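Novice: Contents of input_2.cif (mmCIF, C-alpha atoms) are below:
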```
data_input
#
loop_
_atom_site.group_PDB
_atom_site.id
_atom_site.type_symbol
_atom_site.label_atom_id
_atom_site.label_comp_id
_atom_site.auth_asym_id
_atom_site.auth_seq_id
_atom_site.Cartn_x
_atom_site.Cartn_y
_atom_site.Cartn_z
ATOM 1 C CA MET A 26 0.000 0.000 0.000
ATOM 2 C CA ALA A 27 1.246 3.486 -0.847
ATOM 3 C CA THR A 28 2.074 5.524 2.235
ATOM 4 C CA ILE A 29 3.444 8.937 3.033
ATOM 5 C CA ASP A 30 5.836 10.033 5.721
ATOM 6 C CA VAL A 31 3.431 12.059 7.903
ATOM 7 C CA PRO A 32 6.129 13.654 10.134
ATOM 8 C CA GLU A 33 8.088 14.681 7.041
ATOM 9 C CA VAL A 34 5.043 16.262 5.367
ATOM 10 C CA PHE A 35 4.152 17.948 8.655
ATOM 11 C CA GLN A 36 7.681 19.392 8.994
ATOM 12 C CA LYS A 37 7.739 20.648 5.398
ATOM 13 C CA MET A 38 4.386 22.419 5.853
ATOM 14 C CA LEU A 39 5.570 23.951 9.098
ATOM 15 C CA THR A 40 8.804 25.203 7.514
ATOM 16 C CA ALA A 41 6.896 26.719 4.581
ATOM 17 C CA ALA A 42 4.460 28.516 6.887
ATOM 18 C CA LYS A 43 7.256 29.748 9.138
ATOM 19 C CA GLY A 44 8.995 31.305 6.141
ATOM 20 C CA ALA A 45 5.801 33.170 5.244
ATOM 21 C CA VAL A 46 5.188 34.681 8.702
ATOM 22 C CA GLU A 47 8.658 34.679 10.263
ATOM 23 C CA ALA A 48 8.125 37.822 12.326
ATOM 24 C CA ASN A 49 4.958 36.580 14.040
ATOM 25 C CA TRP A 50 5.799 32.909 14.073
ATOM 26 C CA ASP A 51 5.652 32.482 17.859
ATOM 27 C CA ASP A 52 2.058 33.805 17.907
ATOM 28 C CA VAL A 53 0.721 31.397 15.308
ATOM 29 C CA LYS A 54 2.993 28.385 15.929
ATOM 30 C CA PRO A 55 0.645 26.399 18.261
ATOM 31 C CA TYR A 56 -2.267 26.776 15.854
ATOM 32 C CA ALA A 57 -0.131 25.972 12.784
ATOM 33 C CA GLU A 58 1.373 22.879 14.410
ATOM 34 C CA GLN A 59 -2.023 21.458 15.350
ATOM 35 C CA GLU A 60 -3.613 22.075 11.959
ATOM 36 C CA PHE A 61 -0.648 20.827 9.902
ATOM 37 C CA LYS A 62 -0.630 17.637 11.959
ATOM 38 C CA ASN A 63 -4.327 17.109 11.143
ATOM 39 C CA LEU A 64 -3.750 17.904 7.475
ATOM 40 C CA SER A 65 -0.816 15.485 7.197
ATOM 41 C CA GLU A 66 -2.894 12.680 8.735
ATOM 42 C CA ASN A 67 -5.813 13.455 6.420
ATOM 43 C CA LEU A 68 -3.510 13.207 3.421
ATOM 44 C CA GLN A 69 -2.427 9.760 4.570
ATOM 45 C CA LEU A 70 -6.090 8.750 5.017
ATOM 46 C CA ILE A 71 -6.902 9.709 1.395
ATOM 47 C CA ILE A 72 -3.995 7.610 0.136
ATOM 48 C CA ARG A 73 -5.051 4.630 2.268
ATOM 49 C CA LEU A 74 -8.701 4.771 1.151
ATOM 50 C CA ARG A 75 -7.619 4.850 -2.494
ATOM 51 C CA ALA A 76 -5.134 1.994 -1.978
ATOM 52 C CA GLU A 77 -7.923 -0.072 -0.384
ATOM 53 C CA ASN A 78 -10.217 0.806 -3.301
ATOM 54 C CA LYS A 79 -12.752 2.448 -0.968
ATOM 55 C CA ILE A 80 -12.804 5.580 -3.109
ATOM 56 C CA THR A 81 -12.403 5.904 -6.870
ATOM 57 C CA GLU A 82 -9.370 7.464 -8.531
ATOM 58 C CA GLU A 83 -11.473 10.508 -9.443
ATOM 59 C CA GLN A 84 -12.716 10.835 -5.855
ATOM 60 C CA ALA A 85 -9.115 10.632 -4.611
ATOM 61 C CA ARG A 86 -8.212 13.474 -6.972
ATOM 62 C CA LEU A 87 -11.208 15.534 -5.792
ATOM 63 C CA TYR A 88 -10.323 14.845 -2.143
ATOM 64 C CA LEU A 89 -6.765 16.001 -2.779
ATOM 65 C CA ASP A 90 -8.109 19.205 -4.356
ATOM 66 C CA ILE A 91 -10.360 19.730 -1.308
ATOM 67 C CA HIS A 92 -7.312 19.073 0.867
ATOM 68 C CA LYS A 93 -5.249 21.648 -1.060
ATOM 69 C CA SER A 94 -7.969 24.271 -0.610
ATOM 70 C CA THR A 95 -7.998 23.529 3.134
ATOM 71 C CA VAL A 96 -4.226 24.029 3.356
ATOM 72 C CA LYS A 97 -4.605 27.384 1.551
ATOM 73 C CA ILE A 98 -7.390 28.458 3.938
ATOM 74 C CA VAL A 99 -5.246 27.574 6.981
ATOM 75 C CA LEU A 100 -2.256 29.466 5.524
ATOM 76 C CA LEU A 101 -4.481 32.478 4.815
ATOM 77 C CA THR A 102 -5.638 32.458 8.442
ATOM 78 C CA ILE A 103 -2.015 32.315 9.614
ATOM 79 C CA GLU A 104 -1.207 35.247 7.327
ATOM 80 C CA GLY A 105 -4.236 37.177 8.609
ATOM 81 C CA LEU A 106 -3.326 36.566 12.251
ATOM 82 C CA GLY A 107 0.185 37.812 11.496
ATOM 83 C CA ILE A 108 -1.157 41.005 9.883
ATOM 84 C CA LEU A 109 -3.462 41.603 12.859
ATOM 85 C CA THR A 110 -0.490 41.270 15.233
ATOM 86 C CA VAL A 111 1.486 43.854 13.261
ATOM 87 C CA GLU A 112 -1.570 46.124 13.073
ATOM 88 C CA GLU A 113 -2.083 45.898 16.823
ATOM 89 C CA ALA A 114 1.615 46.694 17.466
ATOM 90 C CA ILE A 115 1.485 49.797 15.239
ATOM 91 C CA ASN A 116 -1.742 51.019 16.827
ATOM 92 C CA ALA A 117 -0.405 50.423 20.339
ATOM 93 C CA ALA A 118 2.600 52.615 19.448
ATOM 94 C CA LEU A 119 0.287 55.280 18.018
ATOM 95 C CA ARG A 120 -1.792 55.249 21.200
ATOM 96 C CA VAL A 121 1.370 55.958 23.207
ATOM 97 C CA VAL A 122 2.104 58.952 20.970
ATOM 98 C CA LYS A 123 -1.521 60.091 21.269
ATOM 99 C CA ASP A 124 -1.410 59.928 25.076
ATOM 100 C CA THR A 125 1.928 61.751 25.110
ATOM 101 C CA VAL A 126 0.613 64.526 22.856
ATOM 102 C CA ASN A 127 -2.606 64.955 24.841
ATOM 103 C CA THR A 128 -0.720 65.027 28.129
ATOM 104 C CA ALA A 129 1.778 67.575 26.821
ATOM 105 C CA ILE A 130 -0.926 69.782 25.330
ATOM 106 C CA GLY A 131 -3.032 69.554 28.480
ATOM 107 C CA PHE A 132 -6.303 68.705 26.734
ATOM 108 C CA VAL A 133 -7.623 65.994 24.440
ATOM 109 C CA LEU A 134 -6.321 67.110 21.059
ATOM 110 C CA ILE A 135 -6.361 63.735 19.288
ATOM 111 C CA MET B 10 16.295 82.087 26.583
ATOM 112 C CA ASN B 11 17.424 78.624 25.726
ATOM 113 C CA LEU B 12 14.362 77.219 27.462
ATOM 114 C CA LEU B 13 12.032 79.546 25.531
ATOM 115 C CA HIS B 14 13.452 78.214 22.298
ATOM 116 C CA LYS B 15 12.984 74.613 23.352
ATOM 117 C CA ILE B 16 9.328 74.833 24.428
ATOM 118 C CA PRO B 17 7.933 76.142 21.125
ATOM 119 C CA LEU B 18 9.992 73.547 19.298
ATOM 120 C CA LYS B 19 8.608 70.769 21.477
ATOM 121 C CA ILE B 20 5.038 72.009 20.966
ATOM 122 C CA SER B 21 5.608 72.287 17.235
ATOM 123 C CA VAL B 22 6.805 68.706 17.069
ATOM 124 C CA LEU B 23 3.798 67.563 19.074
ATOM 125 C CA PHE B 24 1.444 69.471 16.754
ATOM 126 C CA LEU B 25 3.187 67.898 13.783
ATOM 127 C CA ILE B 26 2.742 64.419 15.241
ATOM 128 C CA ALA B 27 -0.839 65.286 16.159
ATOM 129 C CA SER B 28 -1.650 66.389 12.636
ATOM 130 C CA LEU B 29 -0.076 63.216 11.231
ATOM 131 C CA LEU B 30 -2.125 61.106 13.617
ATOM 132 C CA CYS B 31 -5.295 63.009 12.771
ATOM 133 C CA SER B 32 -4.701 62.532 9.073
ATOM 134 C CA SER B 33 -4.359 58.789 9.577
ATOM 135 C CA CYS B 34 -7.423 58.703 11.870
ATOM 136 C CA ILE B 35 -5.243 57.522 14.787
ATOM 137 C CA THR B 36 -5.472 53.833 13.942
ATOM 138 C CA VAL B 37 -3.823 51.962 11.117
ATOM 139 C CA LYS B 38 -5.857 49.346 9.230
ATOM 140 C CA LEU B 39 -3.837 46.681 7.446
ATOM 141 C CA ILE B 40 -6.731 44.237 7.114
ATOM 142 C CA SER B 41 -10.498 44.642 6.720
ATOM 143 C CA ASN B 42 -12.820 45.285 9.622
ATOM 144 C CA TYR B 43 -14.906 42.496 11.094
ATOM 145 C CA ASP B 44 -18.226 42.073 9.281
ATOM 146 C CA GLU B 45 -21.053 40.463 11.256
ATOM 147 C CA ILE B 46 -23.045 39.437 8.160
ATOM 148 C CA THR B 47 -20.027 37.625 6.689
ATOM 149 C CA ASP B 48 -19.397 35.870 9.996
ATOM 150 C CA GLN B 49 -23.067 34.906 10.401
ATOM 151 C CA THR B 50 -23.326 33.582 6.825
ATOM 152 C CA LEU B 51 -20.154 31.538 7.304
ATOM 153 C CA HIS B 52 -21.620 30.165 10.531
ATOM 154 C CA GLU B 53 -24.851 29.139 8.776
ATOM 155 C CA LEU B 54 -22.854 27.484 5.992
ATOM 156 C CA GLN B 55 -20.773 25.588 8.552
ATOM 157 C CA GLU B 56 -23.919 24.377 10.351
ATOM 158 C CA SER B 57 -25.596 23.167 7.159
ATOM 159 C CA THR B 58 -22.364 21.405 6.132
ATOM 160 C CA ALA B 59 -22.187 19.662 9.505
ATOM 161 C CA THR B 60 -25.822 18.574 9.052
ATOM 162 C CA TYR B 61 -24.989 17.274 5.557
ATOM 163 C CA PHE B 62 -22.183 15.060 6.853
ATOM 164 C CA VAL B 63 -24.298 13.724 9.755
ATOM 165 C CA GLN B 64 -27.146 12.850 7.373
ATOM 166 C CA LEU B 65 -24.696 11.364 4.868
ATOM 167 C CA GLU B 66 -23.101 9.148 7.499
ATOM 168 C CA ARG B 67 -26.545 7.972 8.680
ATOM 169 C CA ASP B 68 -27.631 7.129 5.133
ATOM 170 C CA LEU B 69 -24.402 5.251 4.443
ATOM 171 C CA THR B 70 -24.689 3.150 7.605
ATOM 172 C CA ASP B 71 -28.416 2.308 7.517
ATOM 173 C CA GLU B 72 -29.877 -0.875 5.967
ATOM 174 C CA ASP B 73 -29.515 -0.041 2.279
ATOM 175 C CA GLY B 74 -26.331 2.007 2.772
ATOM 176 C CA ILE B 75 -27.242 4.384 -0.056
ATOM 177 C CA ALA B 76 -26.845 8.162 -0.026
ATOM 178 C CA GLN B 77 -27.955 9.231 -3.480
ATOM 179 C CA TYR B 78 -26.763 12.599 -4.734
ATOM 180 C CA GLU B 79 -30.315 13.476 -5.832
ATOM 181 C CA ASP B 80 -31.414 13.481 -2.187
ATOM 182 C CA TYR B 81 -28.796 16.108 -1.334
ATOM 183 C CA THR B 82 -29.224 18.664 -4.102
ATOM 184 C CA VAL B 83 -31.082 21.043 -1.753
ATOM 185 C CA PHE B 84 -27.996 21.197 0.464
ATOM 186 C CA PHE B 85 -25.681 21.956 -2.461
ATOM 187 C CA ASP B 86 -28.078 24.586 -3.864
ATOM 188 C CA ARG B 87 -28.307 26.333 -0.482
ATOM 189 C CA ALA B 88 -24.530 26.194 -0.090
ATOM 190 C CA LYS B 89 -24.131 27.897 -3.476
ATOM 191 C CA ILE B 90 -26.547 30.643 -2.403
ATOM 192 C CA HIS B 91 -24.570 31.202 0.805
ATOM 193 C CA LEU B 92 -21.281 31.225 -1.091
ATOM 194 C CA ASN B 93 -22.594 33.692 -3.657
ATOM 195 C CA THR B 94 -23.736 35.996 -0.837
ATOM 196 C CA LEU B 95 -20.295 35.676 0.758
ATOM 197 C CA LYS B 96 -18.468 36.393 -2.517
ATOM 198 C CA ILE B 97 -20.456 39.575 -3.069
ATOM 199 C CA ARG B 98 -20.241 40.677 0.559
ATOM 200 C CA THR B 99 -16.520 40.053 1.068
ATOM 201 C CA ARG B 100 -15.564 41.813 -2.164
ATOM 202 C CA ALA B 101 -17.407 44.932 -1.018
ATOM 203 C CA PHE B 102 -14.851 45.622 1.740
ATOM 204 C CA GLU B 103 -11.409 47.127 1.336
ATOM 205 C CA LYS B 104 -8.302 45.237 2.419
ATOM 206 C CA ASN B 105 -10.327 42.036 2.503
ATOM 207 C CA ARG B 106 -8.107 39.936 0.205
ATOM 208 C CA ILE B 107 -7.570 37.200 2.777
ATOM 209 C CA VAL B 108 -11.260 36.590 3.521
ATOM 210 C CA VAL B 109 -12.121 36.881 -0.212
ATOM 211 C CA ASN B 110 -9.526 34.193 -0.994
ATOM 212 C CA GLN B 111 -10.811 31.991 1.819
ATOM 213 C CA VAL B 112 -14.367 32.197 0.447
ATOM 214 C CA ASP B 113 -13.102 31.382 -3.071
ATOM 215 C CA GLU B 114 -11.280 28.305 -1.755
ATOM 216 C CA LEU B 115 -14.375 27.285 0.196
ATOM 217 C CA ALA B 116 -16.454 27.520 -3.001
ATOM 218 C CA THR B 117 -13.911 25.268 -4.761
ATOM 219 C CA MET B 118 -14.196 22.787 -1.891
ATOM 220 C CA PHE B 119 -17.998 22.612 -2.258
ATOM 221 C CA ASP B 120 -17.697 22.134 -6.038
ATOM 222 C CA ASN B 121 -15.316 19.232 -5.522
ATOM 223 C CA LEU B 122 -17.456 17.726 -2.745
ATOM 224 C CA GLU B 123 -20.486 17.824 -5.034
ATOM 225 C CA LYS B 124 -18.532 16.059 -7.812
ATOM 226 C CA ALA B 125 -17.331 13.406 -5.345
ATOM 227 C CA HIS B 126 -20.912 12.839 -4.163
ATOM 228 C CA GLN B 127 -22.163 12.546 -7.762
ATOM 229 C CA ILE B 128 -19.712 9.658 -8.254
ATOM 230 C CA GLY B 129 -21.219 8.024 -5.142
ATOM 231 C CA PHE B 130 -19.857 7.131 -1.723
ATOM 232 C CA GLN B 131 -19.323 3.463 -0.948
ATOM 233 C CA SER B 132 -19.147 3.694 2.841
ATOM 234 C CA ALA B 133 -19.157 6.068 5.788
ATOM 235 C CA GLU B 134 -15.379 5.646 6.004
ATOM 236 C CA ALA B 135 -15.054 7.119 2.518
ATOM 237 C CA ILE B 136 -16.420 10.493 3.630
ATOM 238 C CA ALA B 137 -13.904 10.969 6.466
ATOM 239 C CA PRO B 138 -11.296 12.920 4.408
ATOM 240 C CA PRO B 139 -13.681 15.648 3.156
ATOM 241 C CA LEU B 140 -15.301 15.843 6.609
ATOM 242 C CA ASN B 141 -11.863 16.433 8.167
ATOM 243 C CA SER B 142 -11.001 18.984 5.479
ATOM 244 C CA PHE B 143 -14.203 20.967 5.939
ATOM 245 C CA ASN B 144 -13.841 20.927 9.726
ATOM 246 C CA THR B 145 -10.273 22.237 9.444
ATOM 247 C CA ALA B 146 -11.254 24.877 6.879
ATOM 248 C CA PHE B 147 -14.218 26.157 8.896
ATOM 249 C CA THR B 148 -12.109 26.236 12.073
ATOM 250 C CA ALA B 149 -9.449 28.290 10.279
ATOM 251 C CA ILE B 150 -12.024 30.708 8.884
ATOM 252 C CA ALA B 151 -13.728 31.073 12.277
ATOM 253 C CA LYS B 152 -10.382 31.665 13.976
ATOM 254 C CA LEU B 153 -9.653 34.616 11.680
ATOM 255 C CA GLN B 154 -13.184 35.993 12.083
ATOM 256 C CA ILE B 155 -12.841 35.855 15.882
ATOM 257 C CA ALA B 156 -9.461 37.606 15.652
ATOM 258 C CA LEU B 157 -10.944 40.298 13.373
ATOM 259 C CA LYS B 158 -13.792 40.799 15.839
ATOM 260 C CA ARG B 159 -11.357 41.088 18.744
ATOM 261 C CA GLY B 160 -9.234 43.488 16.689
ATOM 262 C CA ASN B 161 -12.254 45.745 16.233
ATOM 263 C CA THR B 162 -13.058 45.830 19.931
ATOM 264 C CA ASN B 163 -9.421 46.619 20.811
ATOM 265 C CA GLN B 164 -9.571 49.908 18.901
#
```
Could you render the structure from this file as structure tokens?

Specialist:
Amino acid sequence: MATIDVPEVFQKMLTAAKGAVEANWDDVKPYAEQEFKNLSENLQLIIRLRAENKITEEQARLYLDIHKSTVKIVLLTIEGLGILTVEEAINAALRVVKDTVNTAIGFVLI
Amino acid sequence: MNLLHKIPLKISVLFLIASLLCSSCITVKLISNYDEITDQTLHELQESTATYFVQLERDLTDEDGIAQYEDYTVFFDRAKIHLNTLKIRTRAFEKNRIVVNQVDELATMFDNLEKAHQIGFQSAEAIAPPLNSFNTAFTAIAKLQIALKRGNTNQ
């Protein structure tokens, strides 16, 4: 029966995602690890079902396409979470400036 | 004298920063705002998909073990309506590329699921991979929606 090396696939996905969101990696790492583990196992399940003739070749191809879309959706979420972290950091810095300006001016200017 | 020179300079710098902040409306937006209608529609789509898989599993494990595609066309039609609403809605917002792309991928997933169902499922075991995929996809989408919502309330 055809098999895949789940830990290897998992590690490759993790490395690819880390490269995409290096700066915010620590924030999204727990989520990414969990989801890539699930995705790697699902990939193995598709291969096993096809090898055991429980799904047709066309269904296996469709399942792999569904799987690919899922990976993209997870990566998009990781990207989005990274952007939100950056956005929050910028706005936190701006709030500090705002408070400093208002304090210095003596009234709420901004 | 020296002090008198420094104070106006300091105030000028503060006014400059203030005007820059005012012009950028204080907060920076790098990603779209949270949209309740998008979130709600995604939630409804997730619920109907969960119902589909429960019904499918029941049909595949009962006496005749048949889950004909024709009995599920209402689900696929409703999913397409939800997805069309989401496509229109998400494209209406600025800086919404990520959610737009997620909805597009979700639509592709439903197309492929429908094609797989048209071929016919042999057993309940055979539907495990798409069920896992949809669960993972909906979790990912919900996670971003929750983060967007939290981002809005933090401002």

Novice: Determine the nearest neighbour of chain B from the options A:Leu106, A:Ala114, A:Ile29, A:Val121, counting all atoms listed in the file.

Specialist: A:Leu106

Novice: Could you work out which residues of chain A fall inside 7 Å of chain B? Count all atoms listed in the file, and format the result as a list of chain:residue names.

Specialist: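 Every residue of chain A that passes the 7 Å test is in A:Asn67, A:Leu70, A:Ile71, A:Leu74, A:Lys79, A:Ile80, A:Gln84, A:Leu87, A:Tyr88, A:Ile91, A:His92, A:Ser94, A:Thr95, A:Ile98, A:Val99, A:Leu101, A:Thr102, A:Gly105, A:Leu106, A:Ile108, A:Glu112, A:Asn116, A:Leu119, A:Val126, A:Ile135.
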
Novice: For the selection you just gave me, I'd like the residues written to a file as a compact mmCIF listing (two decimals), in the frame of the given file, keeping C-alpha atoms.

Specialist:
```txt
# COMPACT_ATOMS: atom_id res chain seq x y z
CA ASN A 67 -5.81 13.46 6.42
CA LEU A 70 -6.09 8.75 5.02
CA ILE A 71 -6.90 9.71 1.40
CA LEU A 74 -8.70 4.77 1.15
CA LYS A 79 -12.75 2.45 -0.97
CA ILE A 80 -12.80 5.58 -3.11
CA GLN A 84 -12.72 10.84 -5.86
CA LEU A 87 -11.21 15.53 -5.79
CA TYR A 88 -10.32 14.84 -2.14
CA ILE A 91 -10.36 19.73 -1.31
CA HIS A 92 -7.31 19.07 0.87
CA SER A 94 -7.97 24.27 -0.61
CA THR A 95 -8.00 23.53 3.13
CA ILE A 98 -7.39 28.46 3.94
CA VAL A 99 -5.25 27.57 6.98
CA LEU A 101 -4.48 32.48 4.82
CA THR A 102 -5.64 32.46 8.44
CA GLY A 105 -4.24 37.18 8.61
CA LEU A 106 -3.33 36.57 12.25
CA ILE A 108 -1.16 41.00 9.88
CA GLU A 112 -1.57 46.12 13.07
CA ASN A 116 -1.74 51.02 16.83
CA LEU A 119 0.29 55.28 18.02
CA VAL A 126 0.61 64.53 22.86
CA ILE A 135 -6.36 63.74 19.29
```

Novice: What does the distance between CA of His91 in chain B and CA of Phe61 in chain A come to in Å, to one decimal place?

Specialist: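 Going from CA of His91 in chain B over to CA of Phe61 in chain A covers 27.6 Å.
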
Novice: Taking into account all atoms listed in the file, which residue in the set A:Leu100, A:Gln69, A:Ala129, A:Glu77 is nearest to Ala41 in chain A?

Specialist: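 Closest candidate: A:Leu100.
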
Novice: Excluding Val83 in chain B and any residue of its chain fewer than 6 positions from it, enumerate the residues within 12 Å of it, using all atoms listed in the file, and give them as number ranges by chain.

Specialist: B: 57-58, 61, 89-90, 123

Novice: Let me have the centre and edge lengths of the axis-aligned box enclosing all listed atoms of range 137-144 of chain B with 6 Å padding on every side, in Å to one decimal, as JSON.

Specialist:
```
{"center_x": -13.2, "center_y": 16.0, "center_z": 6.4, "size_x": 16.3, "size_y": 22.0, "size_z": 18.6}
```

Novice: Quick one, how far is CA of Thr47 in chain B from CA of Tyr81 in chain B?

Specialist: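 Distance between the two atoms: 24.6 Å.
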
Novice: What gap, in Å, lies between CA of Thr99 in chain B and CA of Ile103 in chain A?

Specialist: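 Computing the Euclidean distance for CA of Thr99 in chain B and CA of Ile103 in chain A yields 18.5 Å.
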
Novice: Step by step, work through what the PyMOL selection byres ((chain A and resi 62) around 10) selects in the shown file, and finish by giving those residues as a PyMOL selection string.

Specialist: chain A and resi 31-32+34-36+38-39+57-61+63-67

Novice: Determine the nearest neighbour of Ile72 in chain A from the options A:Val53, A:Val122, A:Val133, A:Ala85, counting only C-alpha atoms.

Specialist: A:Ala85
